[in-house]
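Peer 1: Got a structure here, written out as structure tokens. Questions coming.
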4 protein chains.
Amino acid sequence: MMDATKHTSPRASSVAERFEAVRAASAALCETLETEDYVIQSMPDVSPTKWHLAHTSWFFETLVLRDAIPDYQAFHPRFQWLFNSYYNSIGPQFERASRGLVSRPTVDETYRYRAHVDQQMRRLFDTSLPGGLAPIVELGLHHEQQHQELMLMDIKHVFWTNPLRPALRDDAAAPSPHEAAPLRWFEYPGGLCQVGYEGDDFAFDNEGPRHRVFLEPFSLASRCVTNAEYAAFIEDGGYDHHDLWLSSGWATVRAEGWRSPLYWEQRDGEWFELTLGGMRPLDPHAPVVHVSYYEADAYARWAGARLPQEAEWEVIAADAPIEGNFVESGLLHPTVAPPPGESPSQLFGDVWEWTSNAYLPYPGYEPPVGAVGEYNGKFMSGQMVLRGGCVATPHDHIRATYRNFFPPYARWPFAGIRLARWTAS
Amino acid sequence: MMDATKHTSPRASSVAERFEAVRAASAALCETLETEDYVIQSMPDVSPTKWHLAHTSWFFETLVLRDAIPDYQAFHPRFQWLFNSYYNSIGPQFERASRGLVSRPTVDETYRYRAHVDQQMRRLFDTSLPGGLAPIVELGLHHEQQHQELMLMDIKHVFWTNPLRPALRDDAAAPSPHEAAPLRWFEYPGGLCQVGYEGDDFAFDNEGPRHRVFLEPFSLASRCVTNAEYAAFIEDGGYDHHDLWLSSGWATVRAEGWRSPLYWEQRDGEWFELTLGGMRPLDPHAPVVHVSYYEADAYARWAGARLPQEAEWEVIAADAPIEGNFVESGLLHPTVAPPPGESPSQLFGDVWEWTSNAYLPYPGYEPPVGAVGEYNGKFMSGQMVLRGGCVATPHDHIRATYRNFFPPYARWPFAGIRLARWTAS
Amino acid sequence: MMDATKHTSPRASSVAERFEAVRAASAALCETLETEDYVIQSMPDVSPTKWHLAHTSWFFETLVLRDAIPDYQAFHPRFQWLFNSYYNSIGPQFERASRGLVSRPTVDETYRYRAHVDQQMRRLFDTSLPGGLAPIVELGLHHEQQHQELMLMDIKHVFWTNPLRPALRDDAAAPSPHEAAPLRWFEYPGGLCQVGYEGDDFAFDNEGPRHRVFLEPFSLASRCVTNAEYAAFIEDGGYDHHDLWLSSGWATVRAEGWRSPLYWEQRDGEWFELTLGGMRPLDPHAPVVHVSYYEADAYARWAGARLPQEAEWEVIAADAPIEGNFVESGLLHPTVAPPPGESPSQLFGDVWEWTSNAYLPYPGYEPPVGAVGEYNGKFMSGQMVLRGGCVATPHDHIRATYRNFFPPYARWPFAGIRLARWTAS
Amino acid sequence: MMDATKHTSPRASSVAERFEAVRAASAALCETLETEDYVIQSMPDVSPTKWHLAHTSWFFETLVLRDAIPDYQAFHPRFQWLFNSYYNSIGPQFERASRGLVSRPTVDETYRYRAHVDQQMRRLFDTSLPGGLAPIVELGLHHEQQHQELMLMDIKHVFWTNPLRPALRDDAAAPSPHEAAPLRWFEYPGGLCQVGYEGDDFAFDNEGPRHRVFLEPFSLASRCVTNAEYAAFIEDGGYDHHDLWLSSGWATVRAEGWRSPLYWEQRDGEWFELTLGGMRPLDPHAPVVHVSYYEADAYARWAGARLPQEAEWEVIAADAPIEGNFVESGLLHPTVAPPPGESPSQLFGDVWEWTSNAYLPYPGYEPPVGAVGEYNGKFMSGQMVLRGGCVATPHDHIRATYRNFFPPYARWPFAGIRLARWTAS
């Protein structure tokens, strides 16, 4: 059982306590890695694990320590450049696609870099964190939680690229004894609604401003689409029928030779899937995961439904408890949905749910000034919104208003499908 | 003066009359072309002129004549494959990027193909157009009008690719004696509005269903951004400041080396631009044209404004007369905006106006069944909406509800910039 | 029957007469082309026909007229750049792969350019061709003959790219009533031999200096490999057995999906091939053509033989009459070899014969000074030598010492296979 | 000082002793590597160090142990596929360009694989090595020595790719106290010579058969070109003058932006170069290294000379002692040439010397039957011959007849320049 749980702490705790917990959780995720595993970049979208560990430290060093500590001595003079991800306002960046070509700093040195940053941050917490920097520290912690999820997504792709199919933890992805309840529909009247974050707790800039939006009557499915349901789509020729697909999706299907979700593999006529616990027989009742927006959209069309709008999802999720299968479960794999009660289940955790919305700014959105202004706003082009968090997300990281985003062809996130449909009004 | 005007006719005319007018207008656009010009595909997005002439005939042959005429004899057995653009439900297609590698059919044969189709269509009009095919003929005419605009866009790119910089018509792009009025803002309250087409005239499927949308208070600029205004953006380092750009836009600027709109060329410190009348000194008062969404968005950010939402644009344009500089003017180039009255001018014609909306289906949208279902719906991914038509659009082709779309990097359409901004409510 | 024959003249004729004959022969090759055919560049290695017509004129304008005529007025100020192929010492060049994107100058203008250059050259011949320029004129004529062959190679590829499979001349590639004699071997003792050009007639710089080379005893095949023999290689799995291929050849076979020579097409189990007379049933007795070096080498290995060294070929060809199937036959396609007498037949004409030699300089080779120094020497890397001329070569253009060269993957030349083998000494 | 020396042994030793020495030498080269360094593939031509260690073991397992030991139990069932480099006759291969994407087997497991193979081989030596396998074992040892050189070449490129510029051994590349003697020329009469291997010791198949070749009178330079001499070429605009370059070389210079040899870096106007001891000031007297054939050829042209033919080089080297700066020196970097005596110095060791010969088979060459037939023959296309070994070559691995080969653009081998020229006869 992974021990990330014990490192996360309630929101009420001090920022110093949260800092310790979040930083420890990153390291805990890596406990079972071999040194060699930290180095690999299996495709340009993936970063090596040691890069994630360094970059999350770079965030605190560059955006907090350099500002807070006069004459701050950087751990290494070139790390400001080497571990900058995409902050043009901070300076040029080492080429993203080459992150896996760099053997040094070693894993040990990377952990020493982390320890150095942790020590300096503790000194700051103990003495005099300048008031203006508190929000940046808070952002840095949520940033690191995002990278914890990326680390799990990325190492899974690294293991998939390896024909020997290694596992992160042999005890992960334990099979569920439950079956999925039949899919039901919950109807909602829509109308003029409010969405977006407003409040005093932490939220990313892209979650606001809170604003009104008009929704037609709609229905939401009671749970996410299961592996068995998705397998029926495959058996029905889902990947062969052009009319189910968006044009760019169909082009991708043919160019990439897609015949199933990423990580599925057929052996002697049976489907298996790669989990972070290794290759496992496909659980027909668990939610399908590692599908692209194109596949989610095609599946929905095949099923006579559609993907939800992000506002539809949010107004329903706003009333739901934030419960589900998060990283703290130690499963590291989506599992069977609990039966729904008065409203849809599985809204949070398990799989990110593709929405039908392009990732665009809310009315009145303005990115903050400075480097943190590059955090979200500049990516509002060519991507789709996903909602609800997944099994790789820390529990205290997710909200109903949280907007995740990926390009429509991305399959390595833990992303699945929630269906919606119009209701005759 | 080009004579396309005389071929277009009022909406009230019969479909047979409209057919004659639209078909003749396509040929009229080509009157000044050399045979060699018809053959060139200067980039994959561009099609050779003779391909446009053949494909628009293919539309009637494949979707009307084959259905309407028992034992219809195709003009050529391979044209159904050769001139299919993207209709998977009709069959496979000759590779798009290779359209410029095919010298035969010659231009003469292509015109004979057109004449054959025209003749068969006339027979049908004279006798017995099956009722179910009337909407397809109507669609075919609007389809051909779209290709008329594409022919002008494409031949302009062909001429740009040629270092000798030929002109389509020496008398096109005549300079305007007028100056642009200073930019003003018109404020609107927003609220719950209705957008989308509803009615009995022709509209594309993607323009409906008509539906409600909630708008925050907003302002629209009185006219499009001028060349002088855009030149100020360039002089202020617009193409050098990463913080003005979306991330994928900035990547494109650097990869492509963009320093100005497409077709601008600096000679001895003065800006010239390629028009369909050849290279001309830049008119500072005319609207900037041939900018991508990325450039439009960056310009708006630099100007302290934003691009309009398509619903904002539509609710204002719905009350405006459909007047402007269309293909019938013979200018073939955008010209100086007339001064605004009580509302913004230049909403129609001159330049397509980039909106801030990704091209997505309206609530309740369903594409029609069959081949025409591939016309619009499958392209609803990775593109942005543009509104209002341009100088290459036939006057009777445009509407307030008309939704055009291009990828955010496209620069060869006649696309420009209308600014908007939020109004404190 | 094509009438190129009547335009070529005996070597004894004056340079002015030869100029007229060679220039007229270029135009004669184009007599049956449509205007559209002149424009197409079906792959980067291919040039549009009108480019060939312009570039061969450019050669005389740039290397002769500009030097010979004070205040020479160029036909067009940008043609020096537009039609420069690869002469860096003359200046930069329009991008090669974009030659097919340029509709102007039109075909008519191109012929006017030719007429202008011809007129100026005639004035020069009539008055005062500076002595130093006579060798350049001579080079220009051989240069133009090389482009005549390229024009035929290139237009064949253009027609192949077109799924309608046009023909250059319906009367070309007339079938032969003859059968190929069984393949025999001629044995030669080798020893210390002399190869390379020495003399007072024209030869390219790369044909000298004449020098000694030691040859082991060898045998040469009596004729080129036939289509039937090559088809047996295919039927025996020639394209499936990695051990027959060079490593880079095998990689090419798989990447390109080669299963037969270029221009072969199977219809209902029968082989057809594209000729300049259109699609024709494969003549089993005619020599195989349009194979790469990789295929020639693999075939030879399969046949228990090898390709000849260029010196082996040359010492035998030096004693053979320069007779064969050249462009003047009007066949425009290789035909059945005449039966051999005391020595191998078909050494000249029909198909270029791949040798086992990389194209490298002879001992003591120095390229000439100036632009013409770029003619041959700088291409001595990455290419293989071919010998003997082909059916697209003018009769008076070929010699035993002539060294043609192409990259090992090139298939669009009229290239075939002559076998050789070592003889036990 | 590296301790590879002590592991190499005289040729007279038994194959079992040689096996121990060669295997130990591979491991010794890695003593100072970090685990992370073993994993990186910095470009497709480079292999990770752990791949080299596994593949050289695979050679013995696949070509010896599987044949010699009935019911041989492979160390891992997938390694036969995973570590096959290019032997199609053994089976398909894991994709070469993806060797750096595979973290498992770990470095420790790889060494266990080596130990397993070593143990099995020792059992074989102790008992019953089948007679037919002795030549394969011998080949395996020379194969492993080739990979020792590749390991050094490859890790150097890995370190170059890392902006932190690590060193393999801080004590490597010790500066020389000597200066290079001025370049002199040694004249040779040429004539009919014999080249190629003949004898009972080990040689690769591509070194024979021994055969006669006729050479024109020639001169060889007394030593390799120095860094100072090459720097003068750079200062004289060597990389700017097209007329010094082969056409494909010039295209490469412009496409890759070459301005100096690989691994050179200018800091404050001074040249430094990366060595396996880290960044070092350029020694003007040491031989230039890490130049491509294109650069060697261009330099020679600039210097009024040429590159030697491989036969010229061999007939002179055949009389020279096999002495020089090999891997056993521990320098791991080329050093200043000793002054010449009666003949050129530095023929062996320091840098591989590019010749002007394409890598082609000798007259009568036949590759052996079976998998080892894929060792050399199939690569005889598109590559140039290099002679003499380098500072990364084991001393007992090189011979006068040894033919190394690389593509003309390769710069990561330790390759340099020996000049030659024609002598008036």
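Ordered as shown in the structure tokens, chains take letters A, B, and onward, while each chain numbers its residues from 1 and ligands are numbered from 1 in the order shown.
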Find the residues of chain A in contact range of chain B, meaning any atom within 9 Å when counting only C-alpha atoms, and list them as a VMD selection string.
Peer 2: chain A and resid 88 to 89 192 211 to 216 242 to 249 356 to 360 363 to 364 373 to 374 377 to 383 408 421 to 422
Peer 1: Those residues with C-alpha atoms, as a PDB file, in the first residue's frame please?
Peer 2:
ATOM      1  CA  ASN A  88       9.165  33.048 -20.889  1.00  0.00           C
ATOM      2  CA  SER A  89       9.069  35.921 -18.448  1.00  0.00           C
ATOM      3  CA  LEU A 192     -29.765  30.539 -15.912  1.00  0.00           C
ATOM      4  CA  HIS A 211     -20.560  34.242 -13.986  1.00  0.00           C
ATOM      5  CA  ARG A 212     -23.977  33.375 -15.337  1.00  0.00           C
ATOM      6  CA  VAL A 213     -24.588  30.910 -18.103  1.00  0.00           C
ATOM      7  CA  PHE A 214     -27.833  29.714 -19.661  1.00  0.00           C
ATOM      8  CA  LEU A 215     -28.324  25.958 -19.935  1.00  0.00           C
ATOM      9  CA  GLU A 216     -30.953  24.060 -21.911  1.00  0.00           C
ATOM     10  CA  HIS A 242     -15.820   7.267 -40.065  1.00  0.00           C
ATOM     11  CA  ASP A 243     -19.261   8.704 -39.401  1.00  0.00           C
ATOM     12  CA  LEU A 244     -18.773   8.383 -35.646  1.00  0.00           C
ATOM     13  CA  TRP A 245     -15.723  10.602 -35.630  1.00  0.00           C
ATOM     14  CA  LEU A 246     -14.764  14.220 -35.909  1.00  0.00           C
ATOM     15  CA  SER A 247     -12.673  14.774 -39.022  1.00  0.00           C
ATOM     16  CA  SER A 248      -9.432  15.388 -37.137  1.00  0.00           C
ATOM     17  CA  GLY A 249     -10.229  12.473 -34.864  1.00  0.00           C
ATOM     18  CA  SER A 356     -17.556  19.207 -24.907  1.00  0.00           C
ATOM     19  CA  ASN A 357     -15.977  22.584 -24.162  1.00  0.00           C
ATOM     20  CA  ALA A 358     -12.874  24.016 -25.681  1.00  0.00           C
ATOM     21  CA  TYR A 359     -10.662  25.493 -22.970  1.00  0.00           C
ATOM     22  CA  LEU A 360     -11.396  29.220 -23.220  1.00  0.00           C
ATOM     23  CA  PRO A 363     -16.126  36.292 -19.284  1.00  0.00           C
ATOM     24  CA  GLY A 364     -13.986  38.925 -17.630  1.00  0.00           C
ATOM     25  CA  GLY A 373       0.304  34.972 -15.457  1.00  0.00           C
ATOM     26  CA  GLU A 374       1.777  32.318 -17.746  1.00  0.00           C
ATOM     27  CA  GLY A 377      -4.153  31.793 -19.670  1.00  0.00           C
ATOM     28  CA  LYS A 378      -1.702  31.275 -22.465  1.00  0.00           C
ATOM     29  CA  PHE A 379      -2.771  27.686 -22.956  1.00  0.00           C
ATOM     30  CA  MET A 380      -6.356  28.627 -23.846  1.00  0.00           C
ATOM     31  CA  SER A 381      -6.119  27.398 -27.429  1.00  0.00           C
ATOM     32  CA  GLY A 382      -6.461  23.966 -28.971  1.00  0.00           C
ATOM     33  CA  GLN A 383      -7.409  22.129 -25.785  1.00  0.00           C
ATOM     34  CA  PRO A 408      -8.143  16.351 -27.993  1.00  0.00           C
ATOM     35  CA  ARG A 421     -27.904  14.282 -23.470  1.00  0.00           C
ATOM     36  CA  TRP A 422     -30.432  16.958 -24.246  1.00  0.00           C
TER      37      TRP A 422
END
Peer 1: Could you list, as a list of chain:residue names, every residue within 10 Å of Glu353 in chain A, counting only C-alpha atoms and ignoring same-chain residues fewer than 3 positions away?
Peer 2: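 With the cut-off at 10 Å, the set is A:Cys224, A:Val289, A:Tyr293, A:Ala296, A:Leu307, A:Pro308, A:Glu310, A:Trp313, A:Leu347, A:Phe348, A:Gly349, A:Asp350, A:Ser356, A:Val385, A:Leu386, A:Arg387, A:Gly388, A:Gly389, A:Cys390, A:Asn404, A:Phe414, A:Ala415, A:Gly416, A:Ile417, A:Arg418, A:Leu419.
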Peer 1: Counting only C-alpha atoms, what is within 12 Å of Leu65 in chain C, bar same-chain residues fewer than 3 positions away, as a VMD selection string?
Peer 2: chain C and resid 57 to 62 68 to 75 116 to 125 128 to 130 133 to 134 136 to 137 140
Peer 1: Could you write out that same residue set with C-alpha atoms as a compact mmCIF listing (two decimals), in the first residue's frame?
Peer 2:
# COMPACT_ATOMS: atom_id res chain seq x y z
CA SER C 57 18.06 28.89 -72.17
CA TRP C 58 19.27 30.43 -68.93
CA PHE C 59 22.50 28.48 -69.39
CA PHE C 60 23.28 30.24 -72.66
CA GLU C 61 22.05 33.61 -71.42
CA THR C 62 24.03 33.50 -68.20
CA ALA C 68 29.87 37.99 -74.86
CA ILE C 69 27.57 40.97 -75.35
CA PRO C 70 28.36 44.28 -73.71
CA ASP C 71 25.29 45.78 -72.04
CA TYR C 72 23.35 42.62 -72.68
CA GLN C 73 19.70 43.17 -71.83
CA ALA C 74 18.33 40.19 -69.98
CA PHE C 75 14.97 38.94 -71.17
CA HIS C 116 15.03 35.61 -77.49
CA VAL C 117 18.07 33.60 -76.44
CA ASP C 118 18.20 31.81 -79.77
CA GLN C 119 18.14 35.11 -81.62
CA GLN C 120 20.94 36.55 -79.55
CA MET C 121 22.99 33.40 -79.95
CA ARG C 122 22.52 33.52 -83.70
CA ARG C 123 23.76 37.11 -83.75
CA LEU C 124 26.80 35.91 -81.88
CA PHE C 125 27.43 33.03 -84.25
CA SER C 128 31.93 37.30 -83.15
CA LEU C 129 31.68 34.44 -80.66
CA PRO C 130 34.65 35.14 -78.41
CA LEU C 133 33.24 30.99 -75.06
CA ALA C 134 33.18 28.28 -77.74
CA ILE C 136 30.93 26.93 -73.04
CA VAL C 137 28.56 26.87 -75.99
CA GLY C 140 25.62 24.20 -73.19
Peer 1: Would you please work out which residue, of B:Pro135, B:Thr127, B:Arg114, B:Pro44, is nearest to Ala97 in chain B when using only C-alpha atoms?
Peer 2: B:Pro44
Peer 1: For a test of reading the model, state the distance in Å between CA of Tyr197 in chain D and CA of Pro368 in chain D, rounded to one decimal.
Peer 2: 15.6 Å
Peer 1: If you measure from CA of Leu331 in chain A to CA of His147 in chain A, what distance in Å do you get, rounded to one decimal?
Peer 2: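 Distance reported for this atom pair: 18.3 Å.
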Peer 1: By how many Å are CA of Thr335 in chain C and CA of Glu295 in chain C apart?
Peer 2: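 Computed distance, CA of Thr335 in chain C to CA of Glu295 in chain C, equals 20.1 Å.
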Peer 1: Would you please give, as a PyMOL selection string, all residues of range 133-243 of chain B that DSSP assigns to strand (DSSP E) based on the backbone?
Peer 2: chain B and resi 185-188+191-195+211-215+218-221
